[in-house]
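Structure below is query.pdb: PDB, N, CA and C atoms and all ligand atoms.
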ATOM      1  N   MET A   1      48.770  73.345 -68.025
ATOM      2  CA  MET A   1      49.611  74.156 -67.144
ATOM      3  C   MET A   1      49.906  73.436 -65.842
ATOM      4  N   ILE A   2      48.877  72.812 -65.265
ATOM      5  CA  ILE A   2      49.081  72.113 -63.996
ATOM      6  C   ILE A   2      50.065  70.964 -64.163
ATOM      7  N   VAL A   3      50.042  70.329 -65.341
ATOM      8  CA  VAL A   3      50.977  69.213 -65.581
ATOM      9  C   VAL A   3      52.415  69.713 -65.566
ATOM     10  N   VAL A   4      52.649  70.866 -66.171
ATOM     11  CA  VAL A   4      54.005  71.436 -66.192
ATOM     12  C   VAL A   4      54.462  71.745 -64.770
ATOM     13  N   VAL A   5      53.561  72.293 -63.979
ATOM     14  CA  VAL A   5      53.896  72.627 -62.584
ATOM     15  C   VAL A   5      54.221  71.354 -61.801
ATOM     16  N   LEU A   6      53.398  70.326 -61.964
ATOM     17  CA  LEU A   6      53.613  69.087 -61.217
ATOM     18  C   LEU A   6      54.881  68.359 -61.669
ATOM     19  N   VAL A   7      55.134  68.337 -62.975
ATOM     20  CA  VAL A   7      56.365  67.699 -63.471
ATOM     21  C   VAL A   7      57.584  68.466 -62.968
ATOM     22  N   SER A   8      57.505  69.800 -62.982
ATOM     23  CA  SER A   8      58.618  70.616 -62.470
ATOM     24  C   SER A   8      58.843  70.347 -60.993
ATOM     25  N   ALA A   9      57.761  70.263 -60.234
ATOM     26  CA  ALA A   9      57.870  69.977 -58.803
ATOM     27  C   ALA A   9      58.496  68.603 -58.582
ATOM     28  N   PHE A  10      58.083  67.631 -59.386
ATOM     29  CA  PHE A  10      58.626  66.277 -59.266
ATOM     30  C   PHE A  10      60.130  66.267 -59.546
ATOM     31  N   LEU A  11      60.546  66.931 -60.625
ATOM     32  CA  LEU A  11      61.970  66.972 -60.973
ATOM     33  C   LEU A  11      62.775  67.684 -59.889
ATOM     34  N   PHE A  12      62.225  68.773 -59.374
ATOM     35  CA  PHE A  12      62.889  69.487 -58.281
ATOM     36  C   PHE A  12      63.001  68.574 -57.059
ATOM     37  N   GLY A  13      61.929  67.836 -56.776
ATOM     38  CA  GLY A  13      61.941  66.907 -55.648
ATOM     39  C   GLY A  13      62.968  65.798 -55.817
ATOM     40  N   LEU A  14      63.154  65.329 -57.045
ATOM     41  CA  LEU A  14      64.191  64.315 -57.303
ATOM     42  C   LEU A  14      65.574  64.853 -56.947
ATOM     43  N   ILE A  15      65.818  66.090 -57.296
ATOM     44  CA  ILE A  15      67.118  66.712 -57.003
ATOM     45  C   ILE A  15      67.289  66.868 -55.491
ATOM     46  N   VAL A  16      66.241  67.312 -54.827
ATOM     47  CA  VAL A  16      66.299  67.440 -53.363
ATOM     48  C   VAL A  16      66.531  66.061 -52.728
ATOM     49  N   GLY A  17      65.853  65.051 -53.269
ATOM     50  CA  GLY A  17      66.046  63.688 -52.762
ATOM     51  C   GLY A  17      67.475  63.205 -52.972
ATOM     52  N   SER A  18      68.055  63.555 -54.102
ATOM     53  CA  SER A  18      69.443  63.178 -54.374
ATOM     54  C   SER A  18      70.377  63.820 -53.347
ATOM     55  N   PHE A  19      70.123  65.080 -53.059
ATOM     56  CA  PHE A  19      70.939  65.767 -52.046
ATOM     57  C   PHE A  19      70.700  65.159 -50.664
ATOM     58  N   ALA A  20      69.459  64.750 -50.401
ATOM     59  CA  ALA A  20      69.152  64.096 -49.123
ATOM     60  C   ALA A  20      69.980  62.827 -48.959
ATOM     61  N   ASN A  21      70.201  62.100 -50.043
ATOM     62  CA  ASN A  21      71.057  60.914 -49.990
ATOM     63  C   ASN A  21      72.473  61.271 -49.549
ATOM     64  N   VAL A  22      72.978  62.357 -50.097
ATOM     65  CA  VAL A  22      74.325  62.800 -49.720
ATOM     66  C   VAL A  22      74.379  63.087 -48.221
ATOM     67  N   VAL A  23      73.376  63.808 -47.744
ATOM     68  CA  VAL A  23      73.338  64.166 -46.319
ATOM     69  C   VAL A  23      73.183  62.911 -45.462
ATOM     70  N   LEU A  24      72.297  62.002 -45.861
ATOM     71  CA  LEU A  24      72.028  60.793 -45.071
ATOM     72  C   LEU A  24      73.251  59.887 -44.962
ATOM     73  N   VAL A  25      74.089  59.883 -45.991
ATOM     74  CA  VAL A  25      75.270  59.014 -45.978
ATOM     75  C   VAL A  25      76.461  59.701 -45.320
ATOM     76  N   ARG A  26      76.666  60.969 -45.638
ATOM     77  CA  ARG A  26      77.911  61.616 -45.217
ATOM     78  C   ARG A  26      77.869  62.207 -43.813
ATOM     79  N   VAL A  27      76.753  62.789 -43.419
ATOM     80  CA  VAL A  27      76.700  63.435 -42.095
ATOM     81  C   VAL A  27      76.946  62.431 -40.966
ATOM     82  N   PRO A  28      76.275  61.252 -40.964
ATOM     83  CA  PRO A  28      76.569  60.299 -39.884
ATOM     84  C   PRO A  28      78.026  59.827 -39.877
ATOM     85  N   ALA A  29      78.666  59.845 -41.053
ATOM     86  CA  ALA A  29      80.064  59.415 -41.146
ATOM     87  C   ALA A  29      81.026  60.552 -40.815
ATOM     88  N   GLY A  30      80.485  61.739 -40.519
ATOM     89  CA  GLY A  30      81.341  62.875 -40.193
ATOM     90  C   GLY A  30      82.053  63.451 -41.399
ATOM     91  N   GLU A  31      81.524  63.190 -42.601
ATOM     92  CA  GLU A  31      82.154  63.684 -43.826
ATOM     93  C   GLU A  31      81.497  64.966 -44.294
ATOM     94  N   SER A  32      82.210  65.712 -45.117
ATOM     95  CA  SER A  32      81.685  66.931 -45.712
ATOM     96  C   SER A  32      80.596  66.595 -46.730
ATOM     97  N   ILE A  33      79.586  67.445 -46.822
ATOM     98  CA  ILE A  33      78.558  67.245 -47.837
ATOM     99  C   ILE A  33      78.917  67.977 -49.131
ATOM    100  N   VAL A  34      80.064  68.652 -49.120
ATOM    101  CA  VAL A  34      80.482  69.431 -50.293
ATOM    102  C   VAL A  34      81.609  68.730 -51.055
ATOM    103  N   GLN A  35      82.620  68.291 -50.332
ATOM    104  CA  GLN A  35      83.791  67.662 -50.944
ATOM    105  C   GLN A  35      84.022  66.290 -50.333
ATOM    106  N   PRO A  36      84.463  65.297 -51.025
ATOM    107  CA  PRO A  36      84.670  65.293 -52.472
ATOM    108  C   PRO A  36      83.342  65.189 -53.219
ATOM    109  N   ALA A  37      83.411  65.361 -54.531
ATOM    110  CA  ALA A  37      82.213  65.239 -55.359
ATOM    111  C   ALA A  37      81.728  63.787 -55.315
ATOM    112  N   SER A  38      80.549  63.550 -55.851
ATOM    113  CA  SER A  38      79.971  62.200 -55.844
ATOM    114  C   SER A  38      80.971  61.180 -56.382
ATOM    115  N   HIS A  39      81.106  60.081 -55.642
ATOM    116  CA  HIS A  39      82.036  59.040 -56.039
ATOM    117  C   HIS A  39      81.532  57.695 -55.548
ATOM    118  N   CYS A  40      82.047  56.639 -56.155
ATOM    119  CA  CYS A  40      81.683  55.298 -55.729
ATOM    120  C   CYS A  40      82.363  55.003 -54.393
ATOM    121  N   PRO A  41      81.606  54.580 -53.377
ATOM    122  CA  PRO A  41      82.229  54.270 -52.085
ATOM    123  C   PRO A  41      83.179  53.083 -52.166
ATOM    124  N   SER A  42      83.025  52.240 -53.154
ATOM    125  CA  SER A  42      83.859  51.052 -53.276
ATOM    126  C   SER A  42      85.176  51.343 -53.989
ATOM    127  N   CYS A  43      85.113  51.854 -55.216
ATOM    128  CA  CYS A  43      86.340  52.092 -55.998
ATOM    129  C   CYS A  43      86.762  53.559 -55.976
ATOM    130  N   GLU A  44      85.933  54.424 -55.389
ATOM    131  CA  GLU A  44      86.208  55.854 -55.240
ATOM    132  C   GLU A  44      86.355  56.596 -56.562
ATOM    133  N   THR A  45      85.899  56.002 -57.660
ATOM    134  CA  THR A  45      85.904  56.686 -58.952
ATOM    135  C   THR A  45      84.828  57.774 -58.930
ATOM    136  N   PRO A  46      85.168  59.005 -59.354
ATOM    137  CA  PRO A  46      84.150  60.052 -59.416
ATOM    138  C   PRO A  46      82.990  59.630 -60.318
ATOM    139  N   VAL A  47      81.779  59.971 -59.905
ATOM    140  CA  VAL A  47      80.592  59.628 -60.688
ATOM    141  C   VAL A  47      80.493  60.606 -61.856
ATOM    142  N   ARG A  48      80.386  60.063 -63.060
ATOM    143  CA  ARG A  48      80.263  60.907 -64.252
ATOM    144  C   ARG A  48      78.921  61.640 -64.206
ATOM    145  N   PRO A  49      78.864  62.845 -64.777
ATOM    146  CA  PRO A  49      77.603  63.611 -64.728
ATOM    147  C   PRO A  49      76.406  62.817 -65.256
ATOM    148  N   TYR A  50      76.598  62.067 -66.330
ATOM    149  CA  TYR A  50      75.470  61.306 -66.889
ATOM    150  C   TYR A  50      75.142  60.069 -66.071
ATOM    151  N   ASP A  51      75.982  59.730 -65.113
ATOM    152  CA  ASP A  51      75.669  58.631 -64.193
ATOM    153  C   ASP A  51      75.130  59.155 -62.869
ATOM    154  N   ASN A  52      74.881  60.462 -62.810
ATOM    155  CA  ASN A  52      74.473  61.087 -61.551
ATOM    156  C   ASN A  52      73.062  61.674 -61.633
ATOM    157  N   LEU A  53      72.254  61.168 -62.564
ATOM    158  CA  LEU A  53      70.886  61.652 -62.704
ATOM    159  C   LEU A  53      69.992  60.861 -61.756
ATOM    160  N   PRO A  54      69.202  61.566 -60.937
ATOM    161  CA  PRO A  54      68.358  60.851 -59.973
ATOM    162  C   PRO A  54      67.485  59.787 -60.645
ATOM    163  N   VAL A  55      67.430  58.637 -60.063
ATOM    164  CA  VAL A  55      66.628  57.476 -60.464
ATOM    165  C   VAL A  55      67.059  56.934 -61.837
ATOM    166  N   VAL A  56      67.116  57.787 -62.848
ATOM    167  CA  VAL A  56      67.396  57.360 -64.228
ATOM    168  C   VAL A  56      68.732  56.628 -64.315
ATOM    169  N   SER A  57      69.762  57.200 -63.689
ATOM    170  CA  SER A  57      71.089  56.583 -63.777
ATOM    171  C   SER A  57      71.128  55.248 -63.047
ATOM    172  N   TRP A  58      70.446  55.172 -61.904
ATOM    173  CA  TRP A  58      70.417  53.893 -61.167
ATOM    174  C   TRP A  58      69.777  52.818 -62.038
ATOM    175  N   LEU A  59      68.693  53.174 -62.715
ATOM    176  CA  LEU A  59      68.027  52.212 -63.592
ATOM    177  C   LEU A  59      68.921  51.847 -64.784
ATOM    178  N   ALA A  60      69.548  52.856 -65.392
ATOM    179  CA  ALA A  60      70.395  52.607 -66.558
ATOM    180  C   ALA A  60      71.588  51.721 -66.197
ATOM    181  N   LEU A  61      72.124  51.906 -64.994
ATOM    182  CA  LEU A  61      73.280  51.117 -64.556
ATOM    183  C   LEU A  61      72.853  49.816 -63.884
ATOM    184  N   ARG A  62      71.545  49.593 -63.826
ATOM    185  CA  ARG A  62      70.983  48.403 -63.171
ATOM    186  C   ARG A  62      71.509  48.248 -61.757
ATOM    187  N   GLY A  63      71.632  49.419 -61.075
ATOM    188  CA  GLY A  63      72.023  49.396 -59.668
ATOM    189  C   GLY A  63      73.464  48.994 -59.423
ATOM    190  N   ARG A  64      74.329  49.177 -60.404
ATOM    191  CA  ARG A  64      75.741  48.791 -60.254
ATOM    192  C   ARG A  64      76.645  49.959 -60.628
ATOM    193  N   CYS A  65      77.804  50.038 -59.960
ATOM    194  CA  CYS A  65      78.809  51.032 -60.329
ATOM    195  C   CYS A  65      79.315  50.696 -61.726
ATOM    196  N   ARG A  66      79.439  51.711 -62.571
ATOM    197  CA  ARG A  66      79.906  51.485 -63.941
ATOM    198  C   ARG A  66      81.331  50.930 -63.967
ATOM    199  N   ASP A  67      82.139  51.297 -62.981
ATOM    200  CA  ASP A  67      83.561  50.934 -63.010
ATOM    201  C   ASP A  67      83.895  49.640 -62.280
ATOM    202  N   CYS A  68      83.309  49.426 -61.103
ATOM    203  CA  CYS A  68      83.709  48.251 -60.325
ATOM    204  C   CYS A  68      82.572  47.258 -60.107
ATOM    205  N   GLY A  69      81.354  47.635 -60.506
ATOM    206  CA  GLY A  69      80.227  46.720 -60.362
ATOM    207  C   GLY A  69      79.627  46.676 -58.962
ATOM    208  N   TRP A  70      80.093  47.586 -58.070
ATOM    209  CA  TRP A  70      79.547  47.634 -56.703
ATOM    210  C   TRP A  70      78.030  47.808 -56.759
ATOM    211  N   HIS A  71      77.348  47.042 -55.936
ATOM    212  CA  HIS A  71      75.889  47.121 -55.890
ATOM    213  C   HIS A  71      75.467  48.409 -55.197
ATOM    214  N   ILE A  72      74.822  49.294 -55.943
ATOM    215  CA  ILE A  72      74.328  50.552 -55.381
ATOM    216  C   ILE A  72      72.994  50.254 -54.711
ATOM    217  N   PRO A  73      72.877  50.490 -53.404
ATOM    218  CA  PRO A  73      71.634  50.151 -52.705
ATOM    219  C   PRO A  73      70.410  50.817 -53.332
ATOM    220  N   ALA A  74      69.288  50.091 -53.335
ATOM    221  CA  ALA A  74      68.037  50.626 -53.878
ATOM    222  C   ALA A  74      67.545  51.817 -53.073
ATOM    223  N   ARG A  75      68.114  51.992 -51.878
ATOM    224  CA  ARG A  75      67.733  53.139 -51.046
ATOM    225  C   ARG A  75      67.951  54.459 -51.795
ATOM    226  N   TYR A  76      68.988  54.531 -52.622
ATOM    227  CA  TYR A  76      69.302  55.786 -53.323
ATOM    228  C   TYR A  76      68.147  56.230 -54.233
ATOM    229  N   PRO A  77      67.703  55.406 -55.182
ATOM    230  CA  PRO A  77      66.584  55.874 -56.022
ATOM    231  C   PRO A  77      65.282  56.003 -55.238
ATOM    232  N   LEU A  78      65.120  55.211 -54.182
ATOM    233  CA  LEU A  78      63.885  55.307 -53.399
ATOM    234  C   LEU A  78      63.805  56.641 -52.667
ATOM    235  N   VAL A  79      64.916  57.094 -52.106
ATOM    236  CA  VAL A  79      64.929  58.408 -51.435
ATOM    237  C   VAL A  79      64.697  59.514 -52.460
ATOM    238  N   GLU A  80      65.293  59.360 -53.643
ATOM    239  CA  GLU A  80      65.092  60.364 -54.699
ATOM    240  C   GLU A  80      63.621  60.411 -55.123
ATOM    241  N   LEU A  81      63.031  59.234 -55.320
ATOM    242  CA  LEU A  81      61.607  59.181 -55.682
ATOM    243  C   LEU A  81      60.728  59.771 -54.585
ATOM    244  N   ALA A  82      61.078  59.482 -53.345
ATOM    245  CA  ALA A  82      60.310  60.040 -52.226
ATOM    246  C   ALA A  82      60.346  61.564 -52.278
ATOM    247  N   GLY A  83      61.502  62.117 -52.599
ATOM    248  CA  GLY A  83      61.615  63.574 -52.732
ATOM    249  C   GLY A  83      60.690  64.104 -53.808
ATOM    250  N   GLY A  84      60.636  63.401 -54.948
ATOM    251  CA  GLY A  84      59.760  63.821 -56.044
ATOM    252  C   GLY A  84      58.295  63.752 -55.656
ATOM    253  N   VAL A  85      57.913  62.668 -55.010
ATOM    254  CA  VAL A  85      56.513  62.490 -54.612
ATOM    255  C   VAL A  85      56.117  63.534 -53.562
ATOM    256  N   ILE A  86      56.991  63.752 -52.591
ATOM    257  CA  ILE A  86      56.691  64.742 -51.545
ATOM    258  C   ILE A  86      56.518  66.127 -52.163
ATOM    259  N   ALA A  87      57.364  66.473 -53.119
ATOM    260  CA  ALA A  87      57.254  67.790 -53.760
ATOM    261  C   ALA A  87      55.919  67.934 -54.480
ATOM    262  N   VAL A  88      55.487  66.872 -55.165
ATOM    263  CA  VAL A  88      54.193  66.919 -55.864
ATOM    264  C   VAL A  88      53.048  67.063 -54.856
ATOM    265  N   VAL A  89      53.121  66.324 -53.770
ATOM    266  CA  VAL A  89      52.076  66.405 -52.742
ATOM    267  C   VAL A  89      52.016  67.815 -52.147
ATOM    268  N   VAL A  90      53.178  68.398 -51.899
ATOM    269  CA  VAL A  90      53.211  69.755 -51.337
ATOM    270  C   VAL A  90      52.572  70.745 -52.316
ATOM    271  N   VAL A  91      52.915  70.633 -53.602
ATOM    272  CA  VAL A  91      52.335  71.550 -54.594
ATOM    273  C   VAL A  91      50.815  71.356 -54.690
ATOM    274  N   LEU A  92      50.374  70.097 -54.687
ATOM    275  CA  LEU A  92      48.928  69.839 -54.744
ATOM    276  C   LEU A  92      48.225  70.408 -53.514
ATOM    277  N   ALA A  93      48.849  70.298 -52.368
ATOM    278  CA  ALA A  93      48.259  70.838 -51.145
ATOM    279  C   ALA A  93      48.171  72.363 -51.219
ATOM    280  N   ILE A  94      49.219  72.973 -51.748
ATOM    281  CA  ILE A  94      49.219  74.438 -51.888
ATOM    282  C   ILE A  94      48.117  74.867 -52.852
ATOM    283  N   LEU A  95      47.971  74.155 -53.977
ATOM    284  CA  LEU A  95      46.948  74.491 -54.963
ATOM    285  C   LEU A  95      45.531  74.262 -54.401
ATOM    286  N   ALA A  96      45.384  73.292 -53.533
ATOM    287  CA  ALA A  96      44.070  73.006 -52.947
ATOM    288  C   ALA A  96      43.652  74.125 -52.005
ATOM    289  N   VAL A  97      44.620  74.723 -51.338
ATOM    290  CA  VAL A  97      44.344  75.805 -50.389
ATOM    291  C   VAL A  97      44.050  77.102 -51.133
ATOM    292  N   ALA A  98      44.767  77.327 -52.235
ATOM    293  CA  ALA A  98      44.650  78.591 -52.966
ATOM    294  C   ALA A  98      43.305  78.731 -53.661
TER     295      ALA A  98
HETATM  296 ZN    ZN B   1      82.837  51.597 -58.092
END
Would you give me this structure, written as structure tokens?
Amino acid sequence: MIVVVLVSAFLFGLIVGSFANVVLVRVPAGESIVQPASHCPSCETPVRPYDNLPVVSWLALRGRCRDCGWHIPARYPLVELAGGVIAVVVVLAILAVA
């Protein structure tokens, strides 16, 4: 049971980390965090849903845009992973207190 909780927390954290990437890139640039949808900053091609999975897609694409080959910074999967790890730590801390 605890494994299911921790894996769920990790996956949720990956999603939060992915959203954190959007905020970290767009807010300083004065852009909306809602529109447009995820796209390559180089060729502006919309990111396909299967290319938008936290960490997994970056690894599958070997850190490159599928369409133009733009190098996707490693910061993206690292922030996503940080979100996953933080979520697991928070859940473990909550369980330790309970
Ligand atoms: Zn591109």
From atom C of Ala60 (chain A) to atom N of Gly83 (chain A) the spacing works out at 19.9 Å
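One finds atom N of Leu81 (chain A) at 8.9 Å from atom C of Ser18 (chain A).
For the choices A:Leu53, A:Val5, A:Leu14, A:Cys68, the atom-to-atom distance to ligand ZN 1 (chain B) is smallest for A:Cys68 when using all atoms listed in the file.
Once the PyMOL selection byres (((not hetatm) and name CA) within 8 of (chain B and resi 1)) is applied to the shown structure, the selection contains His39, Cys40, Pro41, Ser42, Cys43, Glu44, Thr45, Arg64, Cys65, Arg66, Asp67, Cys68, Gly69 and Trp70 of chain A.
Relative to atom N of Asn21 (chain A), CA of Glu80 (chain A) is found at 7.1 Å.
On the file presented, the PyMOL selection byres (((chain A and resi 84) around 6) and not hetatm) picks out A:Ala9, A:Phe10, A:Leu11, A:Phe12, A:Gly13, A:Leu14, A:Gly17, A:Glu80, A:Leu81, A:Ala82, A:Gly83, A:Val85, A:Ile86, A:Ala87, A:Val88.
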From a DSSP pass on the backbone, collect the residues of chain A flagged as alpha helix (DSSP H) and hand them back as a PyMOL selection string.
chain A and resi 2-26+56-60+75-97
Hey, can I get the axis-aligned box for region 17-21 of chain A? All listed atoms, 5 Å padding on each side, centre and edge lengths in Å to one decimal, as JSON.
{"center_x": 69.2, "center_y": 63.3, "center_z": -51.7, "size_x": 16.6, "size_y": 14.9, "size_z": 15.4}
Once DSSP has gone over the backbone, tell me which residues of chain A are in strand (DSSP E or B), as an MDAnalysis selection string.
chainID A and resid 39 46 64 71
Produce a file of the selected residues containing N, CA and C atoms, as a compact mmCIF listing (two decimals), keeping the file's coordinate frame.
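Result file again.txt:
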# COMPACT_ATOMS: atom_id res chain seq x y z
N HIS A 39 81.11 60.08 -55.64
CA HIS A 39 82.04 59.04 -56.04
C HIS A 39 81.53 57.70 -55.55
N PRO A 46 85.17 59.00 -59.35
CA PRO A 46 84.15 60.05 -59.42
C PRO A 46 82.99 59.63 -60.32
N ARG A 64 74.33 49.18 -60.40
CA ARG A 64 75.74 48.79 -60.25
C ARG A 64 76.64 49.96 -60.63
N HIS A 71 77.35 47.04 -55.94
CA HIS A 71 75.89 47.12 -55.89
C HIS A 71 75.47 48.41 -55.20
Contacts of Gln35 (chain A) within 12 Å, only C-alpha atoms, excl. fewer than 4 positions in-chain, as number ranges by chain
A: 22-23, 26, 31, 39, 46
Region 67-95 of chain A from the block above: N, CA and C atoms written as a JSON list (two decimals), in the first residue's frame:
[["chain", "number", "residue", "atom", "x", "y", "z"],
["A", 67, "ASP", "N", 10.83, 17.73, -34.15],
["A", 67, "ASP", "CA", 10.67, 18.35, -35.47],
["A", 67, "ASP", "C", 11.91, 19.09, -35.97],
["A", 68, "CYS", "N", 12.57, 19.84, -35.10],
["A", 68, "CYS", "CA", 13.69, 20.66, -35.58],
["A", 68, "CYS", "C", 15.03, 20.28, -34.96],
["A", 69, "GLY", "N", 15.00, 19.37, -33.98],
["A", 69, "GLY", "CA", 16.25, 18.93, -33.37],
["A", 69, "GLY", "C", 16.81, 19.89, -32.32],
["A", 70, "TRP", "N", 16.03, 20.94, -31.97],
["A", 70, "TRP", "CA", 16.48, 21.89, -30.95],
["A", 70, "TRP", "C", 16.82, 21.15, -29.66],
["A", 71, "HIS", "N", 17.94, 21.52, -29.07],
["A", 71, "HIS", "CA", 18.37, 20.89, -27.83],
["A", 71, "HIS", "C", 17.49, 21.36, -26.68],
["A", 72, "ILE", "N", 16.73, 20.45, -26.10],
["A", 72, "ILE", "CA", 15.88, 20.77, -24.95],
["A", 72, "ILE", "C", 16.75, 20.73, -23.71],
["A", 73, "PRO", "N", 16.88, 21.84, -22.98],
["A", 73, "PRO", "CA", 17.77, 21.86, -21.82],
["A", 73, "PRO", "C", 17.43, 20.77, -20.80],
["A", 74, "ALA", "N", 18.47, 20.21, -20.18],
["A", 74, "ALA", "CA", 18.28, 19.17, -19.16],
["A", 74, "ALA", "C", 17.54, 19.71, -17.95],
["A", 75, "ARG", "N", 17.46, 21.04, -17.86],
["A", 75, "ARG", "CA", 16.73, 21.66, -16.74],
["A", 75, "ARG", "C", 15.28, 21.16, -16.69],
["A", 76, "TYR", "N", 14.68, 20.92, -17.85],
["A", 76, "TYR", "CA", 13.27, 20.50, -17.88],
["A", 76, "TYR", "C", 13.04, 19.18, -17.13],
["A", 77, "PRO", "N", 13.73, 18.10, -17.49],
["A", 77, "PRO", "CA", 13.49, 16.85, -16.73],
["A", 77, "PRO", "C", 13.99, 16.95, -15.29],
["A", 78, "LEU", "N", 15.01, 17.77, -15.05],
["A", 78, "LEU", "CA", 15.52, 17.89, -13.68],
["A", 78, "LEU", "C", 14.49, 18.56, -12.77],
["A", 79, "VAL", "N", 13.83, 19.60, -13.27],
["A", 79, "VAL", "CA", 12.78, 20.26, -12.48],
["A", 79, "VAL", "C", 11.61, 19.30, -12.26],
["A", 80, "GLU", "N", 11.28, 18.52, -13.29],
["A", 80, "GLU", "CA", 10.19, 17.54, -13.15],
["A", 80, "GLU", "C", 10.55, 16.49, -12.10],
["A", 81, "LEU", "N", 11.78, 15.98, -12.18],
["A", 81, "LEU", "CA", 12.23, 15.00, -11.18],
["A", 81, "LEU", "C", 12.24, 15.59, -9.78],
["A", 82, "ALA", "N", 12.67, 16.83, -9.67],
["A", 82, "ALA", "CA", 12.67, 17.49, -8.36],
["A", 82, "ALA", "C", 11.25, 17.53, -7.79],
["A", 83, "GLY", "N", 10.29, 17.81, -8.65],
["A", 83, "GLY", "CA", 8.89, 17.82, -8.20],
["A", 83, "GLY", "C", 8.47, 16.46, -7.67],
["A", 84, "GLY", "N", 8.87, 15.40, -8.38],
["A", 84, "GLY", "CA", 8.53, 14.04, -7.94],
["A", 84, "GLY", "C", 9.18, 13.70, -6.61],
["A", 85, "VAL", "N", 10.45, 14.04, -6.48],
["A", 85, "VAL", "CA", 11.17, 13.73, -5.24],
["A", 85, "VAL", "C", 10.59, 14.52, -4.06],
["A", 86, "ILE", "N", 10.32, 15.80, -4.29],
["A", 86, "ILE", "CA", 9.75, 16.63, -3.22],
["A", 86, "ILE", "C", 8.41, 16.07, -2.77],
["A", 87, "ALA", "N", 7.59, 15.64, -3.71],
["A", 87, "ALA", "CA", 6.28, 15.08, -3.35],
["A", 87, "ALA", "C", 6.43, 13.83, -2.50],
["A", 88, "VAL", "N", 7.39, 12.97, -2.85],
["A", 88, "VAL", "CA", 7.63, 11.75, -2.06],
["A", 88, "VAL", "C", 8.11, 12.12, -0.65],
["A", 89, "VAL", "N", 9.01, 13.08, -0.57],
["A", 89, "VAL", "CA", 9.52, 13.50, 0.74],
["A", 89, "VAL", "C", 8.39, 14.07, 1.60],
["A", 90, "VAL", "N", 7.52, 14.86, 0.99],
["A", 90, "VAL", "CA", 6.40, 15.43, 1.74],
["A", 90, "VAL", "C", 5.49, 14.32, 2.26],
["A", 91, "VAL", "N", 5.18, 13.34, 1.41],
["A", 91, "VAL", "CA", 4.31, 12.23, 1.85],
["A", 91, "VAL", "C", 4.98, 11.43, 2.98],
["A", 92, "LEU", "N", 6.28, 11.17, 2.83],
["A", 92, "LEU", "CA", 6.99, 10.43, 3.88],
["A", 92, "LEU", "C", 6.99, 11.22, 5.19],
["A", 93, "ALA", "N", 7.14, 12.52, 5.11],
["A", 93, "ALA", "CA", 7.13, 13.35, 6.31],
["A", 93, "ALA", "C", 5.75, 13.32, 6.97],
["A", 94, "ILE", "N", 4.72, 13.37, 6.14],
["A", 94, "ILE", "CA", 3.35, 13.31, 6.68],
["A", 94, "ILE", "C", 3.11, 11.97, 7.36],
["A", 95, "LEU", "N", 3.55, 10.87, 6.73],
["A", 95, "LEU", "CA", 3.37, 9.54, 7.30],
["A", 95, "LEU", "C", 4.18, 9.37, 8.59]]
